[in-house]
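Source file: model-v2.cif (mmCIF, C-alpha atoms)
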```cif
data_query
#
loop_
_atom_site.label_atom_id
_atom_site.label_comp_id
_atom_site.auth_asym_id
_atom_site.auth_seq_id
_atom_site.Cartn_x
_atom_site.Cartn_y
_atom_site.Cartn_z
CA MET A 1 0.00 0.00 0.00
CA GLU A 2 1.48 3.29 -1.05
CA SER A 3 1.43 6.28 1.27
CA SER A 4 -0.16 9.51 0.07
CA THR A 5 1.89 11.56 2.51
CA PRO A 6 4.22 13.87 0.61
CA THR A 7 7.86 13.74 1.59
CA ALA A 8 10.41 16.50 1.56
CA PRO A 9 13.81 15.67 0.09
CA VAL A 10 16.52 14.74 2.58
CA SER A 11 20.12 15.48 1.65
CA LYS A 12 22.86 12.97 2.44
CA THR A 13 24.35 15.42 4.95
CA SER A 14 21.03 15.83 6.79
CA LEU A 15 20.44 12.10 6.72
CA ARG A 16 23.89 11.39 8.19
CA ALA A 17 23.52 14.08 10.85
CA GLY A 18 20.08 12.74 11.78
CA LEU A 19 21.36 9.17 11.98
CA ILE A 20 24.29 10.24 14.17
CA ILE A 21 22.11 12.28 16.54
CA SER A 22 19.46 9.56 16.71
CA GLY A 23 22.12 6.89 17.15
CA LEU A 24 23.67 8.70 20.09
CA VAL A 25 20.29 9.12 21.78
CA ILE A 26 19.47 5.44 21.14
CA LEU A 27 22.80 4.29 22.61
CA LEU A 28 22.37 6.47 25.68
CA MET A 29 18.82 5.27 26.25
CA LEU A 30 19.78 1.61 25.71
CA PHE A 31 22.48 2.07 28.34
CA ASP A 32 19.93 3.65 30.69
CA ALA A 33 17.47 0.81 30.10
CA ALA A 34 20.19 -1.83 30.57
CA ILE A 35 21.36 -0.54 33.95
CA LYS A 36 17.75 -0.40 35.12
CA LEU A 37 16.92 -3.88 33.83
CA MET A 38 20.05 -5.30 35.49
CA ARG A 39 19.14 -3.38 38.66
CA LEU A 40 22.65 -2.01 39.02
CA ALA A 41 23.41 -0.05 42.17
CA ALA A 42 23.56 3.29 40.32
CA ALA A 43 20.03 2.81 38.93
CA VAL A 44 18.62 1.63 42.24
CA GLU A 45 20.23 4.48 44.21
CA GLY A 46 19.19 7.07 41.63
CA THR A 47 15.60 5.87 41.62
CA ALA A 48 15.45 5.94 45.41
CA ARG A 49 17.05 9.41 45.52
CA LEU A 50 14.33 10.67 43.18
CA GLY A 51 11.66 9.40 45.57
CA TYR A 52 10.46 6.33 43.68
CA PRO A 53 10.18 2.85 45.18
CA VAL A 54 13.14 0.62 44.29
CA SER A 55 10.64 -1.96 43.02
CA LEU A 56 9.96 0.34 40.03
CA VAL A 57 13.52 0.22 38.67
CA PHE A 58 12.86 -2.82 36.47
CA PRO A 59 9.46 -1.63 35.10
CA ILE A 60 10.92 1.80 34.30
CA GLY A 61 13.75 0.03 32.45
CA LEU A 62 11.20 -1.95 30.42
CA ILE A 63 9.30 1.22 29.54
CA CYS A 64 12.53 2.91 28.50
CA LEU A 65 13.51 -0.08 26.35
CA ALA A 66 10.09 -0.17 24.67
CA CYS A 67 10.19 3.57 23.89
CA VAL A 68 13.72 3.51 22.47
CA THR A 69 12.99 0.37 20.45
CA ALA A 70 10.01 2.05 18.84
CA TYR A 71 12.20 5.10 18.08
CA ALA A 72 14.96 2.96 16.57
CA ILE A 73 12.66 1.20 14.09
CA PRO A 74 12.13 3.52 11.08
CA ARG A 75 8.51 2.51 10.60
CA THR A 76 7.60 3.38 14.23
CA SER A 77 10.12 6.17 14.83
CA VAL A 78 7.51 8.93 15.13
CA LEU A 79 5.58 6.91 17.73
CA GLY A 80 8.88 6.25 19.52
CA ALA A 81 9.70 9.97 19.51
CA ILE A 82 6.29 10.73 21.03
CA LEU A 83 6.79 8.06 23.70
CA LEU A 84 10.32 9.27 24.49
CA THR A 85 8.97 12.82 24.78
CA GLY A 86 6.58 11.60 27.47
CA TYR A 87 9.35 9.64 29.18
CA PHE A 88 11.61 12.70 29.22
CA GLY A 89 8.73 14.88 30.39
CA GLY A 90 8.27 12.62 33.40
CA ALA A 91 12.01 12.67 34.06
CA THR A 92 12.06 16.47 33.88
CA ALA A 93 9.09 16.81 36.23
CA THR A 94 10.69 14.39 38.70
CA GLN A 95 14.00 16.24 38.67
CA VAL A 96 12.32 19.61 39.09
CA ARG A 97 10.31 18.21 42.03
CA VAL A 98 13.47 17.12 43.86
CA GLU A 99 15.31 20.30 42.81
CA ASP A 100 17.97 18.37 40.87
CA PRO A 101 20.22 20.81 38.97
CA TRP A 102 20.34 18.39 35.99
CA PHE A 103 16.65 18.91 35.16
CA LEU A 104 17.58 20.35 31.74
CA PHE A 105 19.27 17.11 30.63
CA PRO A 106 16.06 15.24 29.70
CA ILE A 107 14.80 18.35 27.91
CA VAL A 108 17.94 18.42 25.79
CA LEU A 109 17.54 14.70 25.05
CA GLY A 110 13.94 15.28 23.97
CA VAL A 111 15.04 18.04 21.60
CA LEU A 112 17.75 15.75 20.20
CA VAL A 113 15.19 12.96 19.64
CA TRP A 114 13.08 15.25 17.47
CA LEU A 115 16.05 16.92 15.77
CA GLY A 116 17.50 13.54 14.79
CA LEU A 117 14.15 12.39 13.47
CA TYR A 118 13.53 15.67 11.62
CA LEU A 119 16.90 15.50 9.89
CA ARG A 120 16.45 11.91 8.72
CA ASP A 121 12.73 11.68 7.95
CA GLY A 122 11.32 13.42 4.89
CA ARG A 123 7.73 12.87 6.05
CA LEU A 124 8.35 14.92 9.19
CA ARG A 125 10.04 17.65 7.13
CA ALA A 126 6.99 17.81 4.88
CA LEU A 127 4.73 18.06 7.92
CA LEU A 128 6.82 20.76 9.65
CA PRO A 129 8.69 22.72 7.01
CA LEU A 130 11.25 25.21 8.28
CA ARG A 131 11.52 28.34 6.24
CA SER A 132 14.59 30.53 5.98
#
```

Rewrite the structure of this file - the entire thing - as structure tokens.
Amino acid sequence: MESSTPTAPVSKTSLRAGLIISGLVILLMLFDAAIKLMRLAAAVEGTARLGYPVSLVFPIGLICLACVTAYAIPRTSVLGAILLTGYFGGATATQVRVEDPWFLFPIVLGVLVWLGLYLRDGRLRALLPLRS
């Protein structure tokens, strides 16, 4: 079935930049999911410091893994970006609540998720054209 959604052209430079940015976010989030799924001390201590029960470390790791997997698959990358935006929104709210000075970090990651997707996906460029 052919899509009727118009696509904007993507240059090789934009595609490479988008793949690099997206790849870095994916690697970072896979690392985050892995330490949570393995219940490493850093993940357990960090979760407790943020005021969440330690029993939630593993489920949060699963959610993170599901979101980043959806983002990494080209066909579901927009859904993954939406899910990661929600994940990072929750992380930002949590860090603001505990007055953590790193509360901007998940915001930056959220911007990088969408920037990487925008640079590599012509459908998103057609939907949100930037004008100079």

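Applied to the shown file, the PyMOL selection byres ((chain A and resi 91-102) around 12) selects the residues A:Gly46, A:Thr47, A:Ala48, A:Arg49, A:Leu50, A:Gly51, A:Tyr52, A:Ile60, A:Cys64, A:Leu84, A:Thr85, A:Gly86, A:Tyr87, A:Phe88, A:Gly89, A:Gly90, A:Phe103, A:Leu104, A:Phe105, A:Pro106, A:Ile107, A:Val108, A:Leu109, A:Gly110.
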
Could you take the residues named above and write them with C-alpha atoms, as a JSON list (two decimals), in the frame of the given file?
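Writing done, so here's again25.json:
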```json
[["chain", "number", "residue", "atom", "x", "y", "z"],
["A", 46, "GLY", "CA", 19.19, 7.07, 41.63],
["A", 47, "THR", "CA", 15.60, 5.87, 41.62],
["A", 48, "ALA", "CA", 15.45, 5.94, 45.41],
["A", 49, "ARG", "CA", 17.05, 9.41, 45.52],
["A", 50, "LEU", "CA", 14.33, 10.67, 43.18],
["A", 51, "GLY", "CA", 11.66, 9.40, 45.57],
["A", 52, "TYR", "CA", 10.46, 6.33, 43.68],
["A", 60, "ILE", "CA", 10.92, 1.80, 34.30],
["A", 64, "CYS", "CA", 12.53, 2.91, 28.50],
["A", 84, "LEU", "CA", 10.32, 9.27, 24.49],
["A", 85, "THR", "CA", 8.97, 12.82, 24.78],
["A", 86, "GLY", "CA", 6.58, 11.60, 27.47],
["A", 87, "TYR", "CA", 9.35, 9.64, 29.18],
["A", 88, "PHE", "CA", 11.61, 12.70, 29.22],
["A", 89, "GLY", "CA", 8.73, 14.88, 30.39],
["A", 90, "GLY", "CA", 8.27, 12.62, 33.40],
["A", 103, "PHE", "CA", 16.65, 18.91, 35.16],
["A", 104, "LEU", "CA", 17.58, 20.35, 31.74],
["A", 105, "PHE", "CA", 19.27, 17.11, 30.63],
["A", 106, "PRO", "CA", 16.06, 15.24, 29.70],
["A", 107, "ILE", "CA", 14.80, 18.35, 27.91],
["A", 108, "VAL", "CA", 17.94, 18.42, 25.79],
["A", 109, "LEU", "CA", 17.54, 14.70, 25.05],
["A", 110, "GLY", "CA", 13.94, 15.28, 23.97]]
```

Name every residue that the PyMOL selection byres ((chain A and resi 20-37) around 6) selects in this structure, writing the answer as a PDB file with C-alpha atoms, keeping the file's coordinate frame with chains first and numbers rising.
```pdb
ATOM      1  CA  ALA A  17      23.520  14.080  10.850  1.00  0.00           C
ATOM      2  CA  GLY A  18      20.080  12.740  11.780  1.00  0.00           C
ATOM      3  CA  LEU A  19      21.360   9.170  11.980  1.00  0.00           C
ATOM      4  CA  MET A  38      20.050  -5.300  35.490  1.00  0.00           C
ATOM      5  CA  ARG A  39      19.140  -3.380  38.660  1.00  0.00           C
ATOM      6  CA  LEU A  40      22.650  -2.010  39.020  1.00  0.00           C
ATOM      7  CA  ALA A  43      20.030   2.810  38.930  1.00  0.00           C
ATOM      8  CA  VAL A  57      13.520   0.220  38.670  1.00  0.00           C
ATOM      9  CA  PHE A  58      12.860  -2.820  36.470  1.00  0.00           C
ATOM     10  CA  GLY A  61      13.750   0.030  32.450  1.00  0.00           C
ATOM     11  CA  CYS A  64      12.530   2.910  28.500  1.00  0.00           C
ATOM     12  CA  LEU A  65      13.510  -0.080  26.350  1.00  0.00           C
ATOM     13  CA  GLY A 116      17.500  13.540  14.790  1.00  0.00           C
TER      14      GLY A 116
END
```

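Once the PyMOL selection byres ((chain A and resi 121) around 9) is applied to this file, the selection holds Thr7, Ala8, Pro9, Val10, Leu15, Gly18, Pro74, Gly116, Leu117, Tyr118, Leu119, Arg120, Gly122, Arg123, Leu124, Arg125 and Ala126 of chain A.
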
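Distance-wise, CA of Leu83 in chain A and CA of Val111 in chain A end up 13.1 Å apart.
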
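Straight-line separation from CA of Ile73 in chain A to CA of Arg16 in chain A: 16.3 Å.
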
Requested in this report: Kindly give the distance, in Å, that separates CA of Gly80 in chain A and CA of Val68 in chain A, rounded to a single decimal.
Outcome: 6.3 Å
